[in-house]
file structure-v8.json (JSON, C-alpha atoms and all ligand atoms)
[["chain", "number", "residue", "atom", "x", "y", "z"],
["A", 1, "MET", "CA", 11.75, -24.13, 1.80],
["A", 2, "ASP", "CA", 8.83, -25.17, 4.04],
["A", 3, "GLU", "CA", 5.13, -24.35, 3.69],
["A", 4, "TYR", "CA", 5.41, -21.40, 6.10],
["A", 5, "TYR", "CA", 8.43, -19.76, 4.49],
["A", 6, "GLU", "CA", 6.58, -16.82, 2.90],
["A", 7, "ARG", "CA", 4.65, -16.02, 6.09],
["A", 8, "ARG", "CA", 7.83, -16.20, 8.14],
["A", 9, "LYS", "CA", 9.68, -13.90, 5.75],
["A", 10, "LYS", "CA", 6.85, -11.38, 5.77],
["A", 11, "LEU", "CA", 6.77, -11.29, 9.58],
["A", 12, "VAL", "CA", 10.56, -10.90, 9.85],
["A", 13, "GLU", "CA", 10.58, -8.09, 7.26],
["A", 14, "LYS", "CA", 7.92, -6.26, 9.25],
["A", 15, "LEU", "CA", 10.01, -6.67, 12.44],
["A", 16, "LYS", "CA", 13.12, -5.49, 10.62],
["A", 17, "TYR", "CA", 11.35, -2.30, 9.65],
["A", 18, "GLU", "CA", 9.78, -1.71, 13.10],
["A", 19, "PHE", "CA", 12.89, -2.41, 15.20],
["A", 20, "ASN", "CA", 15.74, -1.62, 12.83],
["A", 21, "LEU", "CA", 17.06, -5.18, 13.05],
["A", 22, "ASN", "CA", 20.56, -5.96, 11.83],
["A", 23, "GLU", "CA", 20.98, -8.32, 8.87],
["A", 24, "LYS", "CA", 22.34, -11.20, 10.99],
["A", 25, "VAL", "CA", 19.15, -11.27, 13.06],
["A", 26, "VAL", "CA", 16.96, -11.00, 9.96],
["A", 27, "LYS", "CA", 18.75, -13.87, 8.22],
["A", 28, "ALA", "CA", 18.61, -16.14, 11.30],
["A", 29, "MET", "CA", 14.90, -15.48, 11.93],
["A", 30, "ILE", "CA", 14.07, -16.22, 8.30],
["A", 31, "GLU", "CA", 16.01, -19.48, 8.59],
["A", 32, "VAL", "CA", 14.57, -20.86, 11.85],
["A", 33, "PRO", "CA", 11.14, -22.56, 11.45],
["A", 34, "ARG", "CA", 9.28, -21.20, 14.51],
["A", 35, "HIS", "CA", 6.27, -23.45, 13.76],
["A", 36, "LEU", "CA", 8.33, -26.49, 14.84],
["A", 37, "PHE", "CA", 8.80, -24.97, 18.32],
["A", 38, "VAL", "CA", 5.08, -24.50, 19.10],
["A", 39, "PRO", "CA", 2.60, -27.29, 19.91],
["A", 40, "PRO", "CA", 1.07, -28.64, 16.63],
["A", 41, "PHE", "CA", -2.32, -27.17, 17.57],
["A", 42, "TYR", "CA", -0.82, -23.65, 17.27],
["A", 43, "GLY", "CA", 1.21, -24.30, 14.11],
["A", 44, "ASN", "CA", -0.94, -21.97, 12.07],
["A", 45, "GLU", "CA", -0.37, -19.12, 14.54],
["A", 46, "ALA", "CA", 3.41, -19.47, 14.69],
["A", 47, "TYR", "CA", 3.98, -16.44, 12.44],
["A", 48, "ASN", "CA", 1.70, -14.08, 14.31],
["A", 49, "ASP", "CA", 3.62, -11.75, 16.59],
["A", 50, "TYR", "CA", 2.60, -12.93, 20.06],
["A", 51, "PRO", "CA", 3.68, -15.49, 22.68],
["A", 52, "LEU", "CA", 2.00, -18.92, 22.63],
["A", 53, "PRO", "CA", 1.55, -21.59, 25.34],
["A", 54, "ILE", "CA", 4.06, -24.46, 25.28],
["A", 55, "GLY", "CA", 2.68, -26.40, 28.29],
["A", 56, "HIS", "CA", 3.76, -26.50, 31.97],
["A", 57, "GLY", "CA", 2.41, -22.93, 32.37],
["A", 58, "GLN", "CA", 5.19, -21.55, 30.12],
["A", 59, "THR", "CA", 5.26, -19.69, 26.80],
["A", 60, "ILE", "CA", 7.34, -19.33, 23.67],
["A", 61, "SER", "CA", 8.38, -15.67, 23.49],
["A", 62, "ALA", "CA", 6.80, -13.37, 20.88],
["A", 63, "PRO", "CA", 8.88, -13.01, 17.70],
["A", 64, "HIS", "CA", 9.38, -9.25, 18.30],
["A", 65, "MET", "CA", 10.89, -9.93, 21.75],
["A", 66, "VAL", "CA", 13.33, -12.49, 20.33],
["A", 67, "ALA", "CA", 14.25, -10.05, 17.56],
["A", 68, "ILE", "CA", 14.77, -7.10, 19.93],
["A", 69, "MET", "CA", 16.88, -9.15, 22.35],
["A", 70, "CYS", "CA", 19.06, -10.63, 19.58],
["A", 71, "ASN", "CA", 19.59, -7.13, 18.19],
["A", 72, "LEU", "CA", 20.51, -5.70, 21.62],
["A", 73, "LEU", "CA", 22.92, -8.57, 22.30],
["A", 74, "ASP", "CA", 25.02, -7.48, 19.32],
["A", 75, "LEU", "CA", 25.93, -11.09, 18.53],
["A", 76, "ASP", "CA", 28.85, -12.18, 16.39],
["A", 77, "GLU", "CA", 30.17, -15.37, 14.87],
["A", 78, "ASP", "CA", 32.30, -17.46, 17.29],
["A", 79, "MET", "CA", 30.66, -16.16, 20.48],
["A", 80, "LYS", "CA", 29.89, -18.36, 23.46],
["A", 81, "VAL", "CA", 26.39, -17.51, 24.67],
["A", 82, "LEU", "CA", 24.45, -18.61, 27.75],
["A", 83, "GLU", "CA", 20.63, -18.54, 27.66],
["A", 84, "ILE", "CA", 18.58, -19.02, 30.82],
["A", 85, "GLY", "CA", 15.07, -20.36, 30.09],
["A", 86, "THR", "CA", 15.12, -22.65, 27.04],
["A", 87, "GLY", "CA", 11.37, -23.29, 26.81],
["A", 88, "THR", "CA", 11.06, -25.36, 23.61],
["A", 89, "GLY", "CA", 14.21, -23.74, 22.27],
["A", 90, "TYR", "CA", 13.23, -21.16, 19.63],
["A", 91, "HIS", "CA", 15.27, -18.18, 20.84],
["A", 92, "ALA", "CA", 18.44, -20.25, 21.34],
["A", 93, "ALA", "CA", 17.97, -21.67, 17.83],
["A", 94, "VAL", "CA", 18.00, -18.15, 16.37],
["A", 95, "VAL", "CA", 21.11, -17.23, 18.38],
["A", 96, "SER", "CA", 22.83, -20.45, 17.28],
["A", 97, "ARG", "CA", 22.42, -19.49, 13.61],
["A", 98, "ILE", "CA", 24.15, -16.15, 14.28],
["A", 99, "VAL", "CA", 27.12, -17.46, 16.29],
["A", 100, "GLY", "CA", 27.66, -20.23, 13.73],
["A", 101, "ASP", "CA", 29.60, -23.48, 13.87],
["A", 102, "ARG", "CA", 32.57, -22.04, 15.71],
["A", 103, "GLY", "CA", 30.28, -20.42, 18.29],
["A", 104, "MET", "CA", 28.24, -22.17, 20.97],
["A", 105, "VAL", "CA", 24.94, -21.70, 22.80],
["A", 106, "ILE", "CA", 24.43, -23.23, 26.23],
["A", 107, "THR", "CA", 20.81, -23.05, 27.32],
["A", 108, "VAL", "CA", 19.46, -23.95, 30.77],
["A", 109, "GLU", "CA", 15.84, -25.01, 31.46],
["A", 110, "ARG", "CA", 14.40, -26.06, 34.81],
["A", 111, "ILE", "CA", 11.52, -28.15, 33.38],
["A", 112, "PRO", "CA", 12.98, -31.44, 32.05],
["A", 113, "GLU", "CA", 10.11, -32.10, 29.59],
["A", 114, "LEU", "CA", 10.68, -28.74, 27.84],
["A", 115, "ALA", "CA", 14.44, -29.30, 27.70],
["A", 116, "GLU", "CA", 13.80, -32.70, 26.10],
["A", 117, "LYS", "CA", 11.50, -31.14, 23.47],
["A", 118, "ALA", "CA", 14.17, -28.59, 22.59],
["A", 119, "ARG", "CA", 16.85, -31.30, 22.27],
["A", 120, "LYS", "CA", 14.60, -33.32, 19.95],
["A", 121, "ILE", "CA", 13.89, -30.32, 17.69],
["A", 122, "TYR", "CA", 17.59, -29.41, 17.50],
["A", 123, "GLY", "CA", 18.40, -33.03, 16.61],
["A", 124, "ASP", "CA", 15.78, -33.02, 13.82],
["A", 125, "LEU", "CA", 17.06, -29.71, 12.45],
["A", 126, "GLY", "CA", 20.74, -30.70, 12.75],
["A", 127, "TYR", "CA", 21.52, -27.69, 14.98],
["A", 128, "ASP", "CA", 24.54, -29.12, 16.78],
["A", 129, "ASN", "CA", 26.08, -26.00, 18.33],
["A", 130, "ILE", "CA", 23.47, -25.86, 21.13],
["A", 131, "GLU", "CA", 23.77, -27.68, 24.44],
["A", 132, "VAL", "CA", 20.62, -28.00, 26.58],
["A", 133, "ILE", "CA", 21.14, -28.31, 30.34],
["A", 134, "VAL", "CA", 18.40, -29.17, 32.86],
["A", 135, "GLY", "CA", 18.79, -27.19, 36.06],
["A", 136, "ASP", "CA", 18.41, -23.91, 37.90],
["A", 137, "GLY", "CA", 19.76, -21.27, 35.56],
["A", 138, "SER", "CA", 19.33, -18.46, 38.09],
["A", 139, "ARG", "CA", 22.84, -19.50, 39.17],
["A", 140, "GLY", "CA", 24.04, -19.57, 35.56],
["A", 141, "TYR", "CA", 26.14, -22.48, 34.35],
["A", 142, "GLU", "CA", 29.60, -22.18, 35.78],
["A", 143, "ARG", "CA", 31.14, -25.17, 34.05],
["A", 144, "GLU", "CA", 31.23, -23.49, 30.61],
["A", 145, "SER", "CA", 31.86, -19.93, 31.86],
["A", 146, "PRO", "CA", 32.92, -17.24, 31.11],
["A", 147, "TYR", "CA", 30.50, -16.16, 28.39],
["A", 148, "ASP", "CA", 30.58, -13.41, 25.76],
["A", 149, "ARG", "CA", 26.85, -12.95, 26.14],
["A", 150, "ILE", "CA", 24.21, -14.04, 28.65],
["A", 151, "TYR", "CA", 20.48, -13.49, 28.31],
["A", 152, "VAL", "CA", 17.57, -14.49, 30.49],
["A", 153, "THR", "CA", 14.07, -15.15, 29.14],
["A", 154, "ALA", "CA", 12.29, -15.06, 32.52],
["A", 155, "SER", "CA", 12.01, -12.15, 34.96],
["A", 156, "ALA", "CA", 14.24, -12.10, 38.06],
["A", 157, "PRO", "CA", 13.73, -10.30, 41.41],
["A", 158, "LYS", "CA", 17.24, -8.82, 40.96],
["A", 159, "ILE", "CA", 20.23, -9.37, 38.71],
["A", 160, "PRO", "CA", 21.81, -12.65, 39.93],
["A", 161, "ASP", "CA", 25.44, -12.23, 41.09],
["A", 162, "SER", "CA", 26.30, -15.60, 39.51],
["A", 163, "LEU", "CA", 25.41, -14.28, 36.06],
["A", 164, "LEU", "CA", 27.52, -11.13, 36.54],
["A", 165, "PHE", "CA", 30.40, -13.31, 37.67],
["A", 166, "GLN", "CA", 30.15, -15.64, 34.65],
["A", 167, "LEU", "CA", 30.29, -12.80, 32.11],
["A", 168, "LYS", "CA", 33.58, -12.02, 30.29],
["A", 169, "PRO", "CA", 35.08, -8.51, 30.36],
["A", 170, "PHE", "CA", 33.40, -6.55, 27.52],
["A", 171, "GLY", "CA", 30.53, -9.06, 27.80],
["A", 172, "LYS", "CA", 26.83, -8.20, 27.76],
["A", 173, "LEU", "CA", 23.94, -9.53, 29.81],
["A", 174, "LEU", "CA", 20.25, -8.97, 29.06],
["A", 175, "ILE", "CA", 17.78, -9.65, 31.84],
["A", 176, "PRO", "CA", 14.19, -8.73, 32.70],
["A", 177, "VAL", "CA", 13.89, -7.65, 36.34],
["A", 178, "GLY", "CA", 10.74, -7.20, 38.38],
["A", 179, "ASP", "CA", 7.55, -8.86, 39.46],
["A", 180, "PHE", "CA", 4.36, -7.18, 38.28],
["A", 181, "ILE", "CA", 6.25, -4.31, 36.67],
["A", 182, "GLN", "CA", 9.25, -5.63, 34.75],
["A", 183, "ASN", "CA", 12.05, -3.85, 32.93],
["A", 184, "LEU", "CA", 14.66, -5.25, 30.57],
["A", 185, "TYR", "CA", 18.20, -4.38, 31.70],
["A", 186, "ILE", "CA", 21.23, -4.24, 29.42],
["A", 187, "VAL", "CA", 24.27, -4.90, 31.59],
["A", 188, "GLU", "CA", 27.85, -4.48, 30.38],
["A", 189, "LYS", "CA", 31.08, -5.50, 32.09],
["A", 190, "ASP", "CA", 34.05, -3.30, 31.32],
["A", 191, "GLU", "CA", 37.72, -4.28, 31.05],
["A", 192, "TYR", "CA", 38.15, -3.74, 34.83],
["A", 193, "GLY", "CA", 35.20, -5.96, 35.69],
["A", 194, "GLN", "CA", 32.99, -2.96, 36.55],
["A", 195, "ILE", "CA", 29.28, -3.32, 35.81],
["A", 196, "HIS", "CA", 27.24, -0.70, 33.91],
["A", 197, "ARG", "CA", 23.51, -1.08, 33.50],
["A", 198, "LYS", "CA", 20.83, 0.60, 31.38],
["A", 199, "ASN", "CA", 17.08, 0.18, 31.52],
["A", 200, "TRP", "CA", 15.75, -0.62, 28.03],
["A", 201, "GLY", "CA", 12.08, -0.40, 29.04],
["A", 202, "ALA", "CA", 9.02, -2.37, 30.10],
["A", 203, "VAL", "CA", 8.57, -6.04, 29.16],
["A", 204, "ARG", "CA", 6.45, -9.02, 30.21],
["A", 205, "PHE", "CA", 8.00, -12.43, 31.02],
["A", 206, "VAL", "CA", 7.21, -15.48, 33.16],
["A", 207, "PRO", "CA", 9.11, -15.53, 36.50],
["A", 208, "LEU", "CA", 12.66, -16.85, 36.91],
["A", 209, "VAL", "CA", 12.23, -19.48, 39.62],
["A", 210, "GLY", "CA", 15.27, -20.63, 41.58],
["A", 211, "ASP", "CA", 18.01, -19.91, 44.12],
["A", 212, "GLU", "CA", 18.75, -16.44, 42.71],
["A", 213, "GLY", "CA", 15.22, -16.05, 41.33],
["A", 214, "PHE", "CA", 11.72, -16.11, 42.79],
["A", 215, "ASP", "CA", 10.49, -18.86, 45.14],
["A", 216, "ASP", "CA", 8.62, -21.71, 43.47],
["A", 301, "LIG", "N1", 13.57, -18.93, 25.41],
["A", 301, "LIG", "C1", 12.20, -19.36, 25.25],
["A", 301, "LIG", "C2", 11.76, -19.21, 23.81],
["A", 301, "LIG", "O1", 12.58, -19.35, 22.93],
["A", 301, "LIG", "O2", 10.57, -18.97, 23.58],
["A", 301, "LIG", "C3", 11.29, -18.64, 26.21],
["A", 301, "LIG", "C4", 10.86, -19.52, 27.29],
["A", 301, "LIG", "S1", 9.80, -18.95, 28.55],
["A", 301, "LIG", "C5", 9.39, -17.29, 28.25],
["A", 301, "LIG", "C6", 10.88, -18.89, 29.96],
["A", 301, "LIG", "C7", 11.41, -20.23, 30.43],
["A", 301, "LIG", "O3", 12.24, -20.02, 31.57],
["A", 301, "LIG", "C8", 10.35, -21.26, 30.85],
["A", 301, "LIG", "O4", 10.46, -22.40, 30.06],
["A", 301, "LIG", "C9", 10.71, -21.56, 32.32],
["A", 301, "LIG", "O5", 10.50, -22.90, 32.69],
["A", 301, "LIG", "C10", 12.18, -21.19, 32.35],
["A", 301, "LIG", "N2", 12.73, -20.91, 33.68],
["A", 301, "LIG", "C11", 12.19, -20.22, 34.72],
["A", 301, "LIG", "N3", 13.06, -20.20, 35.76],
["A", 301, "LIG", "C12", 14.17, -20.87, 35.36],
["A", 301, "LIG", "C13", 15.42, -21.19, 35.98],
["A", 301, "LIG", "N4", 15.71, -20.81, 37.23],
["A", 301, "LIG", "N5", 16.31, -21.90, 35.27],
["A", 301, "LIG", "C14", 16.05, -22.31, 34.01],
["A", 301, "LIG", "N6", 14.90, -22.04, 33.37],
["A", 301, "LIG", "C15", 13.97, -21.33, 34.04]]

call {"tool": "encode", "arguments": {"input": "structure-v8.json", "output": "structure tokens"}}
result
Amino acid sequence: MDEYYERRKKLVEKLKYEFNLNEKVVKAMIEVPRHLFVPPFYGNEAYNDYPLPIGHGQTISAPHMVAIMCNLLDLDEDMKVLEIGTGTGYHAAVVSRIVGDRGMVITVERIPELAEKARKIYGDLGYDNIEVIVGDGSRGYERESPYDRIYVTASAPKIPDSLLFQLKPFGKLLIPVGDFIQNLYIVEKDEYGQIHRKNWGAVRFVPLVGDEGFDD
């Protein structure tokens, strides 16, 4: 148990109550030390419920957003999950605890320095079911497709066709869409490959920059 354990547990229990989190999400968020994913200067703020700067004009998502997205993804052991927008790697770390050793998380980040930070933290923590790829995730990551779940932690101008294509039948995709006004979409692919989408509500993310995202 680390020095922040009690604060982390208290925050996660509050989120569980507010957002009706399932037990898998609760357990994973209590396990993952968020303070290791923020710059040392912000270590003491890691268990407050807001985003923090991680350099390069990017942020680590607020704990409630990670919790809500993990809950909506309806994750299970053994799943293969694609994340677009690693940042320093906190959200993918939480997902990796839920999918377990027989599952896999592939996470794509366009800023090499952030990807390297995430790799280093995963190495230190011994999280070896996460693969960090440097590149433009707006086109997904075809090599490991198809995926049970895909989620994007940056806001896109529209839902990228590549991501829809790389999703398995019965798979789910979560993606924020919009510029100034953004909404989180829950997209499901049925057994015939048909796409069904629901708007979960308003959110705030940094832009997805790339071929199927916004211009740099
Ligand atoms: N998942 C992160 C976490 O755990 O806190 C959130 C990271 S931040 C909100 C979004 C990230 O998406 C940034 O690090 C940004 O560089 C990245 N990003 C933006 N466009 C991207 C793209 N086309 N491909 C990959 N990463 C991208």

call {"tool": "residues_near_ligand", "arguments": {"input": "structure-v8.json", "ligand": "ligand LIG 301 (chain A)", "cutoff": "8 Å", "atoms": "all atoms listed in the file", "output": "NGL selection string"}}
result
:A and (51 or 56 or 58-62 or 66 or 83-93 or 108-111 or 114 or 134-139 or 152-154 or 205-213)

call {"tool": "residues_near_point", "arguments": {"input": "structure-v8.json", "point": "(1.1, -15.8, 16.7)", "cutoff": "12 Å", "atoms": "only C-alpha atoms", "output": "JSON, numbers by chain"}}
result
{"A": [7, 8, 11, 34, 35, 38, 41, 42, 43, 44, 45, 46, 47, 48, 49, 50, 51, 52, 53, 59, 60, 61, 62, 63, 64]}

call {"tool": "closest_residue", "arguments": {"input": "structure-v8.json", "among": "A:Gly103, A:Gly55, A:Pro146, A:Pro157", "to": "Gln182 in chain A", "atoms": "all atoms listed in the file"}}
result
A:Pro157

call {"tool": "closest_residue", "arguments": {"input": "structure-v8.json", "among": "A:Lys189, A:Gln166, A:Ile133, A:Asn183", "to": "Pro112 in chain A", "atoms": "only C-alpha atoms"}}
result
A:Ile133

call {"tool": "atom_distance", "arguments": {"input": "structure-v8.json", "atom1": "CA of Lys80 in chain A", "atom2": "CA of Tyr147 in chain A"}}
result
5.4 Å

call {"tool": "atom_distance", "arguments": {"input": "structure-v8.json", "atom1": "CA of Ile181 in chain A", "atom2": "CA of Ser155 in chain A"}}
result
9.9 Å

call {"tool": "residues_near_point", "arguments": {"input": "structure-v8.json", "point": "(8.1, -4.1, 16.0)", "cutoff": "10 Å", "atoms": "all atoms listed in the file", "output": "list in words"}}
result
Leu11, Val12, Glu13, Lys14, Leu15, Lys16, Tyr17, Glu18, Phe19, Asn20, Leu21, Asp49, Pro63, His64, Met65, Ala67 and Ile68 of chain A

call {"tool": "closest_residue", "arguments": {"input": "structure-v8.json", "among": "A:Ala202, A:Ala156, A:Ile106, A:Val32", "to": "Arg119 in chain A", "atoms": "all atoms listed in the file"}}
result
A:Ile106

call {"tool": "atom_distance", "arguments": {"input": "structure-v8.json", "atom1": "CA of Lys158 in chain A", "atom2": "CA of Pro176 in chain A"}}
result
8.8 Å

call {"tool": "closest_residue", "arguments": {"input": "structure-v8.json", "among": "A:Ile175, A:Ile98, A:Ile186, A:Val81", "to": "Tyr127 in chain A", "atoms": "all atoms listed in the file"}}
result
A:Ile98

call {"tool": "closest_residue", "arguments": {"input": "structure-v8.json", "among": "A:Gln194, A:Asn129, A:Asn22, A:Thr107", "to": "Arg149 in chain A", "atoms": "all atoms listed in the file"}}
result
A:Thr107
